[in-house]
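Colleague: A single structure is presented below for examination.
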Amino acid sequence: MLADSLAWSAAARAGRRIGHAVEAHQRIGSTNDRARALLDGSEVEGIAVVAEEQTAGRGRRGRTWSSPPGRNLTMSVALQPRLDAADAWQLGLAAALAAWRACGEVTAVALKWPNDLVAPDGRKLGGLLAETSLAGDRLAAAVIGIGINVNWPRAEMPAEIAVSATSLSELAGRSVDRVALLGALLDALDGEVARIEAGESPLARYRAACSTLGASVTVEVGGRRIEGVAVGLDEAGALIVAAGDERVAVTSGEVTRVRSAVPA
Ligand code: BTN
């Protein structure tokens with residue numbers, strides 16, 4: 001069901017590759033699926049799909065993404081990135097940087113590796129799900145889906161979410177304009193994707209925004225639980241964890257938990 005596209009379409013900008021148009025839904029399964037279907041059906045990339053409510057919102061690692069109707073930002077965009085398959089990892093970091101930049105226009109936030117948006121106290125307020133498909137050694141398509149808790153009071157969150165989550169309005173102490181946030185997000189995403197396609201690694205910018213670096217972490221890799229300190233990122237964006245004499249490179253596909261002050 002289409003939503004009030006007029007309001008959301010104020011976030012579109014003609015001529016911008018990512019977000020030249022916005023398709024808004026009142027209720028949909030997953031915006032990631034709709035964005036992918038739009039690309040497959042028309043070969044037109046960059047249409048931002050937003051939904052007031054998702055009935056099958058997906059998170060990373062097979063989790064669901066819960067968001068009450070009309071409060072938050074749930075958005076996806078499908079692209080045909082001009083990237084080698086080997087550089088696909090850069091897309092997630094670039095999208096995380098874009099979300100960090102857009103939220104940073106509202107209040108101070110940080111990135112928890114690999115791509116969670118967190119408050120200064122570690123509470124999560126957003127995340128992203130990048131789904132890619134390959135054609136040989138190139139990326140054929142990518143769907144970047146971003147969910148941000150915008151105007152969702154913690155008092156209204158289910159207890160299991162409230163224990164470790166927050167929202168932009170909680171942090172800013174005021175309600176936040178979701179359409180303006182979407183516009184800022186699309187601007188930032190357009191810029192970040194162009195930079196990585198031009199061969200500029202997102203790593204330096206990502207390191208500066210990532211609050212996991214320097215923190216004590218517990219990661220589970222291949223069934224093994226490792227406690228240590230996150231000391232850096234390698235050249236492919238993997239988290240380097242120092243545990244005693246050992247240094248372990250953790251990829252986002254492997255990690256099951258990164259410990260922080262607030263439960264993950
Ligand atoms: C995570 O932190 O686990 C990632 C959450 C990603 C949620 C967004 S909401 C818009 C898009 N549609 C989905 O089904 N998932 C992503």
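Please note that chains go A, B, ... in the order of the structure tokens, that every chain numbers its residues from 1, and that ligands are numbered from 1 in the order shown.
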If you count only C-alpha atoms and all ligand atoms, which residues end up within 8 Å of ligand 1, as a PyMOL selection string?
Modeller: chain A and resi 29-33+50+54+56-61+63-65+73-76+115-116+126-129+144-148
Colleague: Write out as a PDB file with N, CA and C atoms, in the first residue's frame each polymer residue whose atoms come within 10 Å of Ala198 (chain A), counting only C-alpha atoms; drop sequence neighbours fewer than 5 positions from it.
Modeller:
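Once written, out-v4.pdb looks like this:
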```
ATOM      1  N   ARG A  82      29.605   0.119  -9.225  1.00  0.00           N
ATOM      2  CA  ARG A  82      30.750  -0.078 -10.109  1.00  0.00           C
ATOM      3  C   ARG A  82      31.938  -0.485  -9.244  1.00  0.00           C
ATOM      4  N   LEU A  83      31.876  -1.738  -8.756  1.00  0.00           N
ATOM      5  CA  LEU A  83      32.869  -2.226  -7.807  1.00  0.00           C
ATOM      6  C   LEU A  83      33.231  -3.668  -8.122  1.00  0.00           C
ATOM      7  N   GLU A 192      29.173   8.960  -0.491  1.00  0.00           N
ATOM      8  CA  GLU A 192      30.074   7.888  -0.038  1.00  0.00           C
ATOM      9  C   GLU A 192      30.246   6.813  -1.112  1.00  0.00           C
ATOM     10  N   VAL A 193      29.142   6.451  -1.784  1.00  0.00           N
ATOM     11  CA  VAL A 193      29.249   5.415  -2.813  1.00  0.00           C
ATOM     12  C   VAL A 193      30.114   5.919  -3.978  1.00  0.00           C
TER      13      VAL A 193
END
```
Colleague: Using only C-alpha atoms for the distances, tell me which of A:Glu235, A:Glu43, A:Glu53, A:Asp87 is nearest to Pro68 (chain A).
Modeller: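 Answer, going by the shortest atom-to-atom distance: A:Glu53.
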Colleague: Record the distance separating CA of Glu227 (chain A) and CA of Arg205 (chain A), expressed in Å with one decimal.
Modeller: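 CA of Arg205 (chain A) lies at a distance of 26.2 Å from CA of Glu227 (chain A).
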Colleague: Near Val231 (chain A), within 7 Å and counting only C-alpha atoms, which residues show up once chain neighbours fewer than 6 positions away are dropped, as a list in words?
Modeller: Leu213, Gly214, Ile240, Val241 and Ala242 of chain A
Colleague: So that I have them on file, write out the residues from the current selection with N, CA, C and O atoms, as a PDB file, in the first residue's frame.
Modeller:
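Final file, result36.pdb:
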```pdb
ATOM      1  N   LEU A 213      36.806   0.728  18.261  1.00  0.00           N
ATOM      2  CA  LEU A 213      38.274   0.679  18.309  1.00  0.00           C
ATOM      3  C   LEU A 213      38.757   1.162  19.668  1.00  0.00           C
ATOM      4  O   LEU A 213      38.352   2.219  20.157  1.00  0.00           O
ATOM      5  N   GLY A 214      39.581   0.359  20.295  1.00  0.00           N
ATOM      6  CA  GLY A 214      40.081   0.690  21.636  1.00  0.00           C
ATOM      7  C   GLY A 214      39.228   0.090  22.739  1.00  0.00           C
ATOM      8  O   GLY A 214      39.608   0.120  23.914  1.00  0.00           O
ATOM      9  N   ILE A 240      40.457  -6.157  14.081  1.00  0.00           N
ATOM     10  CA  ILE A 240      41.611  -6.854  14.671  1.00  0.00           C
ATOM     11  C   ILE A 240      41.444  -6.842  16.183  1.00  0.00           C
ATOM     12  O   ILE A 240      41.362  -5.780  16.806  1.00  0.00           O
ATOM     13  N   VAL A 241      41.375  -8.040  16.757  1.00  0.00           N
ATOM     14  CA  VAL A 241      41.208  -8.166  18.207  1.00  0.00           C
ATOM     15  C   VAL A 241      42.494  -8.740  18.794  1.00  0.00           C
ATOM     16  O   VAL A 241      42.972  -9.790  18.352  1.00  0.00           O
ATOM     17  N   ALA A 242      43.058  -8.009  19.759  1.00  0.00           N
ATOM     18  CA  ALA A 242      44.266  -8.486  20.445  1.00  0.00           C
ATOM     19  C   ALA A 242      43.818  -9.214  21.701  1.00  0.00           C
ATOM     20  O   ALA A 242      43.120  -8.648  22.554  1.00  0.00           O
TER      21      ALA A 242
END
```
Colleague: Would you please extract all strand (DSSP E or B) residues from region 24-237 of chain A, as assigned by DSSP on the backbone, and give them as a count of residues only?
Modeller: 66
Colleague: Using only C-alpha atoms, what table do you get, as a tab-separated table, when you list each residue of region 169-188 of chain A with an atom no more than 12 Å from region 95-101 of chain A, its nearest pair of atoms, and their distance in Å rounded to one decimal, rows by chain then rising number?
Modeller:
```
residue	atom	partner	partner_atom	distance
A:Leu181	CA	A:Ala99	CA	9.4
A:Leu182	CA	A:Ala99	CA	9.5
A:Gly183	CA	A:Ala99	CA	11.1
A:Ala184	CA	A:Arg101	CA	8.2
A:Leu185	CA	A:Ala99	CA	5.8
A:Leu186	CA	A:Ala98	CA	8.0
A:Asp187	CA	A:Ala98	CA	8.2
A:Ala188	CA	A:Ala98	CA	4.7
```
Colleague: Those same residues, written as a PDB file, in the first residue's frame with all heavy atoms?
Modeller:
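Result file is out11.pdb:
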```pdb
ATOM      1  N   LEU A 181      15.725  13.897   7.550  1.00  0.00           N
ATOM      2  CA  LEU A 181      16.758  12.886   7.839  1.00  0.00           C
ATOM      3  C   LEU A 181      16.995  12.010   6.612  1.00  0.00           C
ATOM      4  O   LEU A 181      18.148  11.715   6.255  1.00  0.00           O
ATOM      5  CB  LEU A 181      16.325  12.035   9.047  1.00  0.00           C
ATOM      6  CG  LEU A 181      17.297  10.928   9.453  1.00  0.00           C
ATOM      7  CD1 LEU A 181      18.592  11.512  10.022  1.00  0.00           C
ATOM      8  CD2 LEU A 181      16.651   9.994  10.487  1.00  0.00           C
ATOM      9  N   LEU A 182      15.905  11.604   5.943  1.00  0.00           N
ATOM     10  CA  LEU A 182      16.057  10.795   4.735  1.00  0.00           C
ATOM     11  C   LEU A 182      16.831  11.567   3.669  1.00  0.00           C
ATOM     12  O   LEU A 182      17.721  11.019   3.010  1.00  0.00           O
ATOM     13  CB  LEU A 182      14.680  10.371   4.192  1.00  0.00           C
ATOM     14  CG  LEU A 182      14.718   9.599   2.873  1.00  0.00           C
ATOM     15  CD1 LEU A 182      15.477   8.281   3.015  1.00  0.00           C
ATOM     16  CD2 LEU A 182      13.302   9.341   2.347  1.00  0.00           C
ATOM     17  N   GLY A 183      16.523  12.843   3.511  1.00  0.00           N
ATOM     18  CA  GLY A 183      17.240  13.652   2.518  1.00  0.00           C
ATOM     19  C   GLY A 183      18.732  13.700   2.823  1.00  0.00           C
ATOM     20  O   GLY A 183      19.579  13.520   1.925  1.00  0.00           O
ATOM     21  N   ALA A 184      19.065  13.905   4.088  1.00  0.00           N
ATOM     22  CA  ALA A 184      20.486  13.961   4.479  1.00  0.00           C
ATOM     23  C   ALA A 184      21.153  12.606   4.256  1.00  0.00           C
ATOM     24  O   ALA A 184      22.311  12.515   3.823  1.00  0.00           O
ATOM     25  CB  ALA A 184      20.597  14.392   5.942  1.00  0.00           C
ATOM     26  N   LEU A 185      20.406  11.547   4.541  1.00  0.00           N
ATOM     27  CA  LEU A 185      20.955  10.188   4.369  1.00  0.00           C
ATOM     28  C   LEU A 185      21.226   9.891   2.894  1.00  0.00           C
ATOM     29  O   LEU A 185      22.279   9.348   2.536  1.00  0.00           O
ATOM     30  CB  LEU A 185      19.961   9.179   4.951  1.00  0.00           C
ATOM     31  CG  LEU A 185      20.300   7.704   4.837  1.00  0.00           C
ATOM     32  CD1 LEU A 185      21.622   7.386   5.516  1.00  0.00           C
ATOM     33  CD2 LEU A 185      19.185   6.857   5.458  1.00  0.00           C
ATOM     34  N   LEU A 186      20.303  10.271   2.032  1.00  0.00           N
ATOM     35  CA  LEU A 186      20.485  10.009   0.593  1.00  0.00           C
ATOM     36  C   LEU A 186      21.645  10.835   0.036  1.00  0.00           C
ATOM     37  O   LEU A 186      22.434  10.344  -0.777  1.00  0.00           O
ATOM     38  CB  LEU A 186      19.176  10.291  -0.155  1.00  0.00           C
ATOM     39  CG  LEU A 186      18.022   9.335   0.201  1.00  0.00           C
ATOM     40  CD1 LEU A 186      16.711   9.812  -0.421  1.00  0.00           C
ATOM     41  CD2 LEU A 186      18.338   7.910  -0.248  1.00  0.00           C
ATOM     42  N   ASP A 187      21.754  12.081   0.476  1.00  0.00           N
ATOM     43  CA  ASP A 187      22.895  12.912   0.051  1.00  0.00           C
ATOM     44  C   ASP A 187      24.210  12.239   0.444  1.00  0.00           C
ATOM     45  O   ASP A 187      25.144  12.120  -0.359  1.00  0.00           O
ATOM     46  CB  ASP A 187      22.858  14.289   0.742  1.00  0.00           C
ATOM     47  CG  ASP A 187      21.908  15.258   0.059  1.00  0.00           C
ATOM     48  OD1 ASP A 187      21.547  15.029  -1.105  1.00  0.00           O
ATOM     49  OD2 ASP A 187      21.536  16.257   0.715  1.00  0.00           O
ATOM     50  N   ALA A 188      24.261  11.804   1.711  1.00  0.00           N
ATOM     51  CA  ALA A 188      25.511  11.233   2.231  1.00  0.00           C
ATOM     52  C   ALA A 188      25.831   9.909   1.543  1.00  0.00           C
ATOM     53  O   ALA A 188      26.980   9.625   1.197  1.00  0.00           O
ATOM     54  CB  ALA A 188      25.400  11.056   3.745  1.00  0.00           C
TER      55      ALA A 188
END
```
Colleague: Taking 6 positions as the minimum chain separation for residues in the same chain, which residues sit within 12 Å of region 158-171 of chain A when counting only C-alpha atoms? Answer as a VMD selection string.
Modeller: chain A and resid 64 to 68 71 to 73 100 102 to 109 116 to 127 147 to 152 177 to 178 181 259 to 264
Colleague: Would you please extract all helix (DSSP H, G or I) residues from region 99-203 of chain A, as assigned by DSSP on the backbone, and give them as a PyMOL selection string?
Modeller: chain A and resi 99-104+154-156+159-162+168-172+178-197+203
Colleague: Report, in Å to a single decimal, how far apart CA of Ala209 (chain A) and CA of Ala140 (chain A) are.
Modeller: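 Result for CA of Ala140 (chain A) versus CA of Ala209 (chain A): 28.7 Å, one decimal.
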Colleague: Hey, can you check how far CA of Leu189 (chain A) sits from CA of Val77 (chain A)?
Modeller: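 Computed distance, CA of Leu189 (chain A) to CA of Val77 (chain A), equals 9.9 Å.
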Colleague: Point out the residue among A:Gly173, A:Arg17, A:Ala142, A:Leu93 with the least atom-to-atom distance to Leu233 (chain A), counting only C-alpha atoms.
Modeller: A:Leu93
Colleague: Which one is closest to Ala194 (chain A): A:Gly244, A:Pro81, A:Gly237, A:Gly228? Count only C-alpha atoms.
Modeller: A:Pro81
